[in-house]
Amino acid sequence: MAAVGLQTHIWANNTRSVLLLAGFPVLMIFIIYGLQLVLMGFGFLPGTGRGLGDDMALAASWLGGTVPLAFVVAGIWFAISYFGSQTMIDLMTGARKVERKSEPDLYNLLENLAISRGLRTPTLRVIDNDSLNAFATGLHEGQYSVTVTRGLVNTLTREELEAVLAHELTHVINKDVRTMVIASIFAGIISVIAELVFRGLLYSRGGGRRDNKNAMPLILIGLAFAAVGFALAIVIRMLLSRTREYVADAGAVELTKNPDAMISALRKVEGRSSLKGPDELQQLFLDNQPNGVGLEGLFATHPSIQKRVDALVRFGGGRDPGPWSGGAFAPTPLDYETSTPVAG
């Protein structure tokens, strides 16, 4: 929590971005090689007719042609995603760009926060949805965008909404958003390859030669290589530490000087943040359900709301009003001045 806003945190996220870029070729090679072995085992690719080692060596020799082709396809995908990622996100979520004229209060809150840090104001978008959520996207200055749901705007007070916007702006400042968008693009490419693998297995029953004596070992080894590739993808995902949410919460407190607003905003969001979108996009959300119960918690992209509130109470000096039931939080003598929700 103490490292909020420090250059070291930005450096850490830049390092993660480099690791993602460096790790992606390894994933591609493992998965493509595994796919080739599986297709050879099912008879869609020719074997040597000799031993298992010879078949595996033959499949490895093909990598000189298949890997460059795969990287060409991946490069095209990356270029499309780089320039069209926001359009795709808007189509998937129903987000629409809004200007100061249509959302003056909301726009002014975001603009004031950006000005306080000497940043160009990110594009503001709204999703006409009753859920309570928000996220930031973009890869560089001039492309950054902050999106909030209509439910969030209609439910949170002005101070709470400002805290959420400050949280998302902290992701921009600390380069978390860039790292997550790159990870989402790569995950999309890996998902396409995975679909090809499963489609190959599905349609293998209808064709292919079955006379390769090494068929079963090739299939098992191929699946093992593919599994290693996907396991590496999970490892890379885990490099995107969940501490980024704690840091963004603390960044919101640093920007607004109002820890109670961030806490009460999280309490209102708790259990009401469900928002449709692919897994890669949900990693960007202010809150992503489920919040880590049992094995799901091991691979959760976000810490639980309770843990985030506890951290803000402990390190930010805030006070926890407890779970929100839909009405006003019980006031205390130390509460900030009562405010009203921002009209949508």
# chains A, B, ... in the order shown; residues from 1 in each chain; ligands from 1

$ residues_around --residues "range 88-102 of chain A" --least-positions-apart "4" --cutoff "6 Å" --atoms "only C-alpha atoms" --output "VMD selection string"
chain A and resid 107 124 to 127

$ select_by_dssp --residues "range 88-327 of chain A" --states "alpha helix (DSSP H)" --output "MDAnalysis selection string"
chainID A and resid 88:93 104:116 150:155 158:173 176:203 215:239 243:256 259:269 279:282 295:298 305:316

$ closest_residue --among "A:Pro46, A:Gly326, A:Gly151, A:Pro321" --to "Asn133 in chain A" --atoms "only C-alpha atoms"
A:Gly151

$ residues_around --residues "Arg117 in chain A" --least-positions-apart "6" --cutoff "12 Å" --atoms "only C-alpha atoms" --output "MDAnalysis selection string"
chainID A and resid 5 110:111 166 169:170 172:174 251 254:256

$ write_last_selection --atoms "C-alpha atoms" --output "PDB file, in the first residue's frame"
ATOM      1  CA  GLY A   5       2.268   6.269  -7.049  1.00  0.00           C
ATOM      2  CA  LEU A 110     -12.857  12.462 -14.119  1.00  0.00           C
ATOM      3  CA  GLU A 111     -11.352  15.592 -15.676  1.00  0.00           C
ATOM      4  CA  ALA A 166      -9.740   7.679  -9.040  1.00  0.00           C
ATOM      5  CA  LEU A 169      -7.275   6.431 -13.114  1.00  0.00           C
ATOM      6  CA  THR A 170      -4.658   4.875 -10.818  1.00  0.00           C
ATOM      7  CA  VAL A 172      -3.804   4.187 -15.936  1.00  0.00           C
ATOM      8  CA  ILE A 173      -1.115   6.022 -13.952  1.00  0.00           C
ATOM      9  CA  ASN A 174       0.548   2.808 -12.809  1.00  0.00           C
ATOM     10  CA  GLY A 251      -4.306   5.331  -5.198  1.00  0.00           C
ATOM     11  CA  GLU A 254      -4.284   9.313  -2.344  1.00  0.00           C
ATOM     12  CA  LEU A 255      -6.119  11.200  -5.082  1.00  0.00           C
ATOM     13  CA  THR A 256      -9.326  11.975  -3.163  1.00  0.00           C
TER      14      THR A 256
END

$ residues_around --residues "Leu220 in chain A" --least-positions-apart "4" --cutoff "8 Å" --atoms "only C-alpha atoms" --output "ChimeraX atom specification"
/A:38,216,224

$ write_last_selection --atoms "N, CA and C atoms" --output "PDB file, in the first residue's frame"
ATOM      1  N   VAL A  38      -0.683 -34.155 -32.018  1.00  0.00           N
ATOM      2  CA  VAL A  38      -2.044 -34.688 -31.929  1.00  0.00           C
ATOM      3  C   VAL A  38      -2.587 -35.000 -33.321  1.00  0.00           C
ATOM      4  N   MET A 216      -1.383 -43.380 -30.288  1.00  0.00           N
ATOM      5  CA  MET A 216      -1.769 -43.032 -28.925  1.00  0.00           C
ATOM      6  C   MET A 216      -0.682 -42.272 -28.176  1.00  0.00           C
ATOM      7  N   ALA A 224       0.048 -33.274 -23.771  1.00  0.00           N
ATOM      8  CA  ALA A 224       0.895 -32.837 -22.663  1.00  0.00           C
ATOM      9  C   ALA A 224       1.602 -31.526 -23.001  1.00  0.00           C
TER      10      ALA A 224
END

$ decode --residues "range 22-34 of chain A" --atoms "all heavy atoms" --output "tab-separated table (two decimals), in the first residue's frame"
chain	number	residue	atom	x	y	z
A	22	ALA	N	7.78	-11.61	-23.98
A	22	ALA	CA	8.80	-12.65	-24.12
A	22	ALA	C	8.22	-14.05	-23.95
A	22	ALA	O	8.69	-15.00	-24.58
A	22	ALA	CB	9.90	-12.42	-23.07
A	23	GLY	N	7.22	-14.18	-23.10
A	23	GLY	CA	6.66	-15.50	-22.84
A	23	GLY	C	5.71	-15.98	-23.92
A	23	GLY	O	5.53	-17.20	-24.08
A	24	PHE	N	5.16	-15.07	-24.68
A	24	PHE	CA	4.19	-15.47	-25.69
A	24	PHE	C	4.76	-16.40	-26.75
A	24	PHE	O	4.13	-17.40	-27.10
A	24	PHE	CB	3.60	-14.22	-26.34
A	24	PHE	CG	2.57	-14.51	-27.38
A	24	PHE	CD1	1.36	-15.10	-27.03
A	24	PHE	CD2	2.80	-14.22	-28.71
A	24	PHE	CE1	0.40	-15.38	-27.99
A	24	PHE	CE2	1.85	-14.49	-29.67
A	24	PHE	CZ	0.65	-15.08	-29.31
A	25	PRO	N	5.97	-16.14	-27.30
A	25	PRO	CA	6.53	-17.10	-28.27
A	25	PRO	C	6.69	-18.50	-27.71
A	25	PRO	O	6.50	-19.49	-28.42
A	25	PRO	CB	7.89	-16.47	-28.63
A	25	PRO	CG	7.74	-15.02	-28.34
A	25	PRO	CD	6.83	-14.96	-27.16
A	26	VAL	N	7.07	-18.60	-26.43
A	26	VAL	CA	7.22	-19.92	-25.79
A	26	VAL	C	5.88	-20.64	-25.77
A	26	VAL	O	5.79	-21.84	-26.09
A	26	VAL	CB	7.78	-19.77	-24.37
A	26	VAL	CG1	7.87	-21.14	-23.68
A	26	VAL	CG2	9.14	-19.10	-24.40
A	27	LEU	N	4.84	-19.93	-25.41
A	27	LEU	CA	3.50	-20.53	-25.40
A	27	LEU	C	3.12	-21.01	-26.79
A	27	LEU	O	2.59	-22.12	-26.95
A	27	LEU	CB	2.46	-19.51	-24.92
A	27	LEU	CG	2.62	-18.92	-23.52
A	27	LEU	CD1	1.48	-17.98	-23.23
A	27	LEU	CD2	2.68	-20.00	-22.47
A	28	MET	N	3.36	-20.20	-27.77
A	28	MET	CA	2.98	-20.55	-29.14
A	28	MET	C	3.71	-21.81	-29.61
A	28	MET	O	3.10	-22.70	-30.21
A	28	MET	CB	3.31	-19.38	-30.07
A	28	MET	CG	2.44	-18.16	-29.88
A	28	MET	SD	0.78	-18.38	-30.56
A	28	MET	CE	1.11	-18.19	-32.30
A	29	ILE	N	5.00	-21.90	-29.34
A	29	ILE	CA	5.78	-23.05	-29.78
A	29	ILE	C	5.29	-24.33	-29.11
A	29	ILE	O	5.11	-25.37	-29.77
A	29	ILE	CB	7.28	-22.83	-29.50
A	29	ILE	CG1	7.82	-21.73	-30.42
A	29	ILE	CG2	8.07	-24.12	-29.71
A	29	ILE	CD1	9.22	-21.27	-30.07
A	30	PHE	N	5.07	-24.28	-27.81
A	30	PHE	CA	4.58	-25.46	-27.09
A	30	PHE	C	3.23	-25.92	-27.63
A	30	PHE	O	3.02	-27.11	-27.89
A	30	PHE	CB	4.47	-25.15	-25.59
A	30	PHE	CG	5.70	-25.50	-24.81
A	30	PHE	CD1	6.72	-24.58	-24.63
A	30	PHE	CD2	5.84	-26.75	-24.24
A	30	PHE	CE1	7.87	-24.90	-23.91
A	30	PHE	CE2	6.98	-27.08	-23.52
A	30	PHE	CZ	7.99	-26.15	-23.35
A	31	ILE	N	2.33	-24.98	-27.81
A	31	ILE	CA	0.97	-25.34	-28.22
A	31	ILE	C	0.95	-25.82	-29.67
A	31	ILE	O	0.27	-26.80	-30.00
A	31	ILE	CB	0.02	-24.14	-28.01
A	31	ILE	CG1	-0.10	-23.83	-26.51
A	31	ILE	CG2	-1.35	-24.44	-28.60
A	31	ILE	CD1	-0.87	-22.56	-26.20
A	32	ILE	N	1.69	-25.15	-30.54
A	32	ILE	CA	1.72	-25.58	-31.95
A	32	ILE	C	2.35	-26.96	-32.08
A	32	ILE	O	1.85	-27.82	-32.83
A	32	ILE	CB	2.48	-24.54	-32.80
A	32	ILE	CG1	1.68	-23.25	-32.90
A	32	ILE	CG2	2.76	-25.09	-34.20
A	32	ILE	CD1	2.44	-22.11	-33.52
A	33	TYR	N	3.44	-27.18	-31.37
A	33	TYR	CA	4.09	-28.50	-31.43
A	33	TYR	C	3.14	-29.58	-30.92
A	33	TYR	O	3.01	-30.66	-31.51
A	33	TYR	CB	5.37	-28.49	-30.61
A	33	TYR	CG	6.15	-29.79	-30.68
A	33	TYR	CD1	6.60	-30.29	-31.91
A	33	TYR	CD2	6.45	-30.50	-29.53
A	33	TYR	CE1	7.31	-31.47	-31.98
A	33	TYR	CE2	7.17	-31.69	-29.59
A	33	TYR	CZ	7.60	-32.17	-30.81
A	33	TYR	OH	8.31	-33.35	-30.88
A	34	GLY	N	2.46	-29.30	-29.82
A	34	GLY	CA	1.50	-30.26	-29.29
A	34	GLY	C	0.38	-30.54	-30.28
A	34	GLY	O	-0.03	-31.69	-30.46
